[in-house]
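K.L.:
Please find one structure pasted underneath; my questions will follow.
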2 protein chains.
Amino acid sequence: MNVMNDSPRRKELTRQAAQLFVQEGFDRTTVRMLAEEMGIKSGSLFHHFRDKQEILAAVIEEGTENALGIARAALDDCDSDPGSRLHAMARAHLETLLTDRNAHVVALYEWRRLDAPARSHLSHLRDAYEALWEEVIDEALAAGLIRGDRFLVSRFVMGALNWTVRWYDPDGERTPDELARELVAMLARPAD
Amino acid sequence: MNVMNDSPRRKELTRQAAQLFVQEGFDRTTVRMLAEEMGIKSGSLFHHFRDKQEILAAVIEEGTENALGIARAALDDCDSDPGSRLHAMARAHLETLLTDRNAHVVALYEWRRLDAPARSHLSHLRDAYEALWEEVIDEALAAGLIRGDRFLVSRFVMGALNWTVRWYDPDGERTPDELARELVAMLARPAD
DNA sequence: GGGTCAACCAAGCAAGCGCTAGTGTAAATG
DNA sequence: CATTTACACTAGCGCTTGCTTGGTTGACCC
């Protein structure tokens, strides 16, 4: 019944929604729970979002955009050799999985709760992110740093990284940088 | 209000429930939808299962038990060198991901919908399965076939394999055997 | 100092939810 | 033949759901 811009207020509400979606899952999170977490009444929620689905889309959109930004920045900042670039991407991936953990967990678990238009829009964003990965992996393959099929390797690597949300403890001993280094070490062939 | 054994009837109902849980997600699948899929009325459902949660637990339990069985059989049947055993485990994992795809997708996505008692019981089953993996990976590390930290390697490998449910097309060109071979090739160090 | 507008609220509707109670019935069991 | 068992049915209770409606508030603006 009203605006659906990206006001700062809406950004903050989106962040809070992400937390609840992680705790409870999208379907079990009611608009009343969301409103209470936000400190408003359930009716007021629909001033900021058209419907419940739009909140989900907003959460996932922000997470994916942040991931894209971090990955691009990391690639700009690193050395140009394939090993460094592979490590930079893996590290960026793990870092965004930490800083925007809630949004990414929601994206991983609740993707199929999106309606068709939102899914179409967001899958373009995700494709842009995955294109970055395939580029870096192509370079590593061409340089002989790793071996295998480019399609399979990129899927295997993304799987290994995304799976970390299941077991990685941010308060534990290992840093994202270490994890990224271990992953690259596991894949890389010894220098000729 | 009645039995909760594992009759053949219940097995069949469990299989059908798994399909719906994949299509719609656990929370959005209503007992009325389940009953219709099963060809009975919603009230009759509670003759076979205590409540909706128990259906979810039954689905996941069967999938995990099958995975364990297939993995054990694969290990019994293969050569004793670490490369063969690694390949056998990966292949078994991919095969059960195919034959019991619905159950495994449910286990991956809806695990957190389980109540505490069911989760406790099923996590023991899952631990038994993961122990098989760690054993095989330890052998490969000891033999120098792969390198890295045993904890990290096993997590990365499981992640890569489980992620296949997102992109693998069973009707496509690649067989589980090929995929497993590619994965092992990606990880294995060249023979000394 | 009247007008604008984002932000919020109280109240509630229509639909759908998991689950229960009580009954019917055909086959198996004594 | 009498009883039990397994499975299915009808009917609906009590509650929650996403969302709407109609209205109030208070900060800002010319």
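Just so we're on the same page: first chain in the structure tokens is A, next is B, and so on; residues restart at 1 for each chain, and ligands are numbered from 1 in the order they show up.
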Residues of chain A within 10 Å of chain C: nearest atom pair and distance (Å, one decimal) for each, counting only C-alpha atoms (C1' of nucleotides), sorted by chain and number, as a Markdown table?

P.N.:
```
| residue | atom | partner | partner_atom | distance |
| --- | --- | --- | --- | --- |
| A:Asn2 | CA | C:DA6 | C1' | 9.7 |
| A:Val3 | CA | C:DA6 | C1' | 9.3 |
| A:Ile40 | CA | C:DC8 | C1' | 7.3 |
| A:Lys41 | CA | C:DC9 | C1' | 6.9 |
| A:Ser42 | CA | C:DC9 | C1' | 9.2 |
| A:Gly43 | CA | C:DC9 | C1' | 7.6 |
| A:Ser44 | CA | C:DC8 | C1' | 5.8 |
| A:Leu45 | CA | C:DC8 | C1' | 9.1 |
| A:His47 | CA | C:DA7 | C1' | 7.8 |
| A:His48 | CA | C:DA7 | C1' | 9.3 |
```

K.L.:
Write a file of the selected residues as a CSV table (one decimal), in the first residue's frame, keeping N, CA and C atoms.

P.N.:
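Below is the file that was written, result-v4.csv:
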```
chain,number,residue,atom,x,y,z
A,2,ASN,N,2.1,1.1,0.0
A,2,ASN,CA,3.0,2.3,0.1
A,2,ASN,C,4.4,2.0,-0.6
A,3,VAL,N,5.3,2.8,-0.2
A,3,VAL,CA,6.7,2.8,-0.8
A,3,VAL,C,7.4,1.4,-0.6
A,40,ILE,N,7.9,-2.9,16.3
A,40,ILE,CA,6.7,-2.2,15.8
A,40,ILE,C,5.5,-3.3,15.8
A,41,LYS,N,4.4,-2.9,15.4
A,41,LYS,CA,3.2,-3.8,15.4
A,41,LYS,C,3.1,-4.4,14.0
A,42,SER,N,2.5,-5.5,13.9
A,42,SER,CA,2.5,-6.3,12.7
A,42,SER,C,2.0,-5.5,11.5
A,43,GLY,N,1.0,-4.7,11.7
A,43,GLY,CA,0.4,-3.9,10.6
A,43,GLY,C,1.4,-3.0,10.0
A,44,SER,N,2.2,-2.4,10.9
A,44,SER,CA,3.2,-1.4,10.4
A,44,SER,C,4.2,-2.0,9.4
A,45,LEU,N,4.4,-3.3,9.5
A,45,LEU,CA,5.4,-3.9,8.7
A,45,LEU,C,5.1,-3.7,7.2
A,47,HIS,N,3.9,-1.3,5.8
A,47,HIS,CA,4.3,0.0,5.3
A,47,HIS,C,5.6,0.0,4.6
A,48,HIS,N,6.5,-0.9,5.0
A,48,HIS,CA,7.9,-1.0,4.5
A,48,HIS,C,8.0,-2.1,3.4
```

K.L.:
Determine, counting only C-alpha atoms (C1' of nucleotides), which protein, DNA and RNA residues have an atom within 10 Å of an atom of Leu56 (chain A); residues of the same chain fewer than 6 positions away are not included. Present the result as a VMD selection string.

P.N.:
chain A and resid 14 17 to 18 21 26 49 103 106 to 107 110 to 111 113 to 115 118

K.L.:
Output C-alpha atoms for every residue in that selection, as a short mmCIF file (atom, residue, chain, number, x, y, z; two decimals), in the first residue's frame.

P.N.:
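See again.cif below for the written result:
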```cif
data_model
loop_
_atom_site.label_atom_id
_atom_site.label_comp_id
_atom_site.auth_asym_id
_atom_site.auth_seq_id
_atom_site.Cartn_x
_atom_site.Cartn_y
_atom_site.Cartn_z
CA THR A 14 15.89 -6.27 6.67
CA ALA A 17 14.46 -10.08 9.59
CA ALA A 18 17.51 -12.03 8.40
CA PHE A 21 14.76 -16.20 9.31
CA PHE A 26 11.18 -18.39 6.72
CA PHE A 49 7.33 -4.22 2.56
CA ALA A 103 21.71 -13.22 4.85
CA VAL A 106 18.86 -17.50 4.34
CA ALA A 107 19.93 -17.45 0.71
CA GLU A 110 15.25 -20.45 1.79
CA TRP A 111 15.96 -19.78 -1.87
CA ARG A 113 10.62 -19.98 -0.89
CA LEU A 114 11.07 -17.05 -3.30
CA ASP A 115 8.33 -16.43 -5.82
CA ALA A 118 12.10 -12.43 -7.17
#
```

K.L.:
Residues of chain D no more than 9 Å from chain B, counting only C-alpha atoms (C1' of nucleotides): send them over as a PyMOL selection string.

P.N.:
chain D and resi 7-9

K.L.:
What residues in region 10-188 of chain B get the DSSP label helix (DSSP H, G or I)? Please answer as an MDAnalysis selection string.

P.N.:
chainID B and resid 10:24 31:38 42:48 52:77 82:99 101:113 116:142 150:162 164:167 176:187

K.L.:
Taking only C-alpha atoms into account, report as a VMD selection string which residues of chain A lie within 8 Å of chain B.

P.N.:
chain A and resid 27 to 28 109 146 to 149 152 to 153 155 to 164 182 to 183 185 to 187 189

K.L.:
Please save C-alpha atoms of the selected residues as a PDB file, in the first residue's frame.

P.N.:
```pdb
ATOM      1  CA  ASP A  27       7.909 -20.259   6.933  1.00  0.00           C
ATOM      2  CA  ARG A  28       7.862 -20.488  10.691  1.00  0.00           C
ATOM      3  CA  TYR A 109      18.251 -22.497   2.839  1.00  0.00           C
ATOM      4  CA  ILE A 146      44.795 -27.051 -10.584  1.00  0.00           C
ATOM      5  CA  ARG A 147      43.359 -29.636 -12.912  1.00  0.00           C
ATOM      6  CA  GLY A 148      39.986 -30.949 -13.919  1.00  0.00           C
ATOM      7  CA  ASP A 149      36.862 -29.853 -15.731  1.00  0.00           C
ATOM      8  CA  LEU A 152      32.971 -29.488 -12.146  1.00  0.00           C
ATOM      9  CA  VAL A 153      35.842 -27.805 -10.346  1.00  0.00           C
ATOM     10  CA  ARG A 155      30.896 -26.502  -8.513  1.00  0.00           C
ATOM     11  CA  PHE A 156      33.021 -28.597  -6.183  1.00  0.00           C
ATOM     12  CA  VAL A 157      34.809 -25.536  -4.823  1.00  0.00           C
ATOM     13  CA  MET A 158      31.634 -23.533  -4.267  1.00  0.00           C
ATOM     14  CA  GLY A 159      30.127 -26.536  -2.526  1.00  0.00           C
ATOM     15  CA  ALA A 160      33.090 -26.914  -0.211  1.00  0.00           C
ATOM     16  CA  LEU A 161      32.961 -23.221   0.677  1.00  0.00           C
ATOM     17  CA  ASN A 162      29.218 -22.900   1.126  1.00  0.00           C
ATOM     18  CA  TRP A 163      29.157 -26.003   3.288  1.00  0.00           C
ATOM     19  CA  THR A 164      31.297 -24.106   5.823  1.00  0.00           C
ATOM     20  CA  GLU A 182      44.065 -24.740   3.251  1.00  0.00           C
ATOM     21  CA  LEU A 183      41.546 -25.056   0.469  1.00  0.00           C
ATOM     22  CA  ALA A 185      46.684 -26.027  -0.795  1.00  0.00           C
ATOM     23  CA  MET A 186      44.360 -29.019  -1.037  1.00  0.00           C
ATOM     24  CA  LEU A 187      43.636 -28.296  -4.695  1.00  0.00           C
ATOM     25  CA  ARG A 189      49.374 -29.137  -7.773  1.00  0.00           C
TER      26      ARG A 189
END
```

K.L.:
For Ala128 (chain B), list every protein, DNA or RNA residue within 10 Å, evaluated using only C-alpha atoms (C1' of nucleotides), and leave out those in the same chain fewer than 5 positions away; present the list as a list in words.

P.N.:
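Once the adjacent positions are removed, what remains is Thr64, Glu65, Leu68, Leu122, Ser123 and Trp133 of chain B.
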
K.L.:
Please indicate the distance in Å from CA of Asp51 (chain B) to CA of Val31 (chain B), rounded to one decimal place.

P.N.:
9.3 Å

K.L.:
Find the spatial neighbours of Arg150 (chain A), counting only C-alpha atoms (C1' of nucleotides), within a cut-off of 9 Å - ignore same-chain residues fewer than 6 positions away - and output them as a list in words.

P.N.:
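In the requested form, the answer reads Glu134, Ile137, Asp138 and Leu141 of chain A.
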
K.L.:
Of the residues A:Asp81, A:Glu95, A:Glu36, A:Asp177, which is the one nearest to Gly69 (chain A), using only C-alpha atoms?

P.N.:
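Under the stated criterion, the closest residue is A:Glu95.
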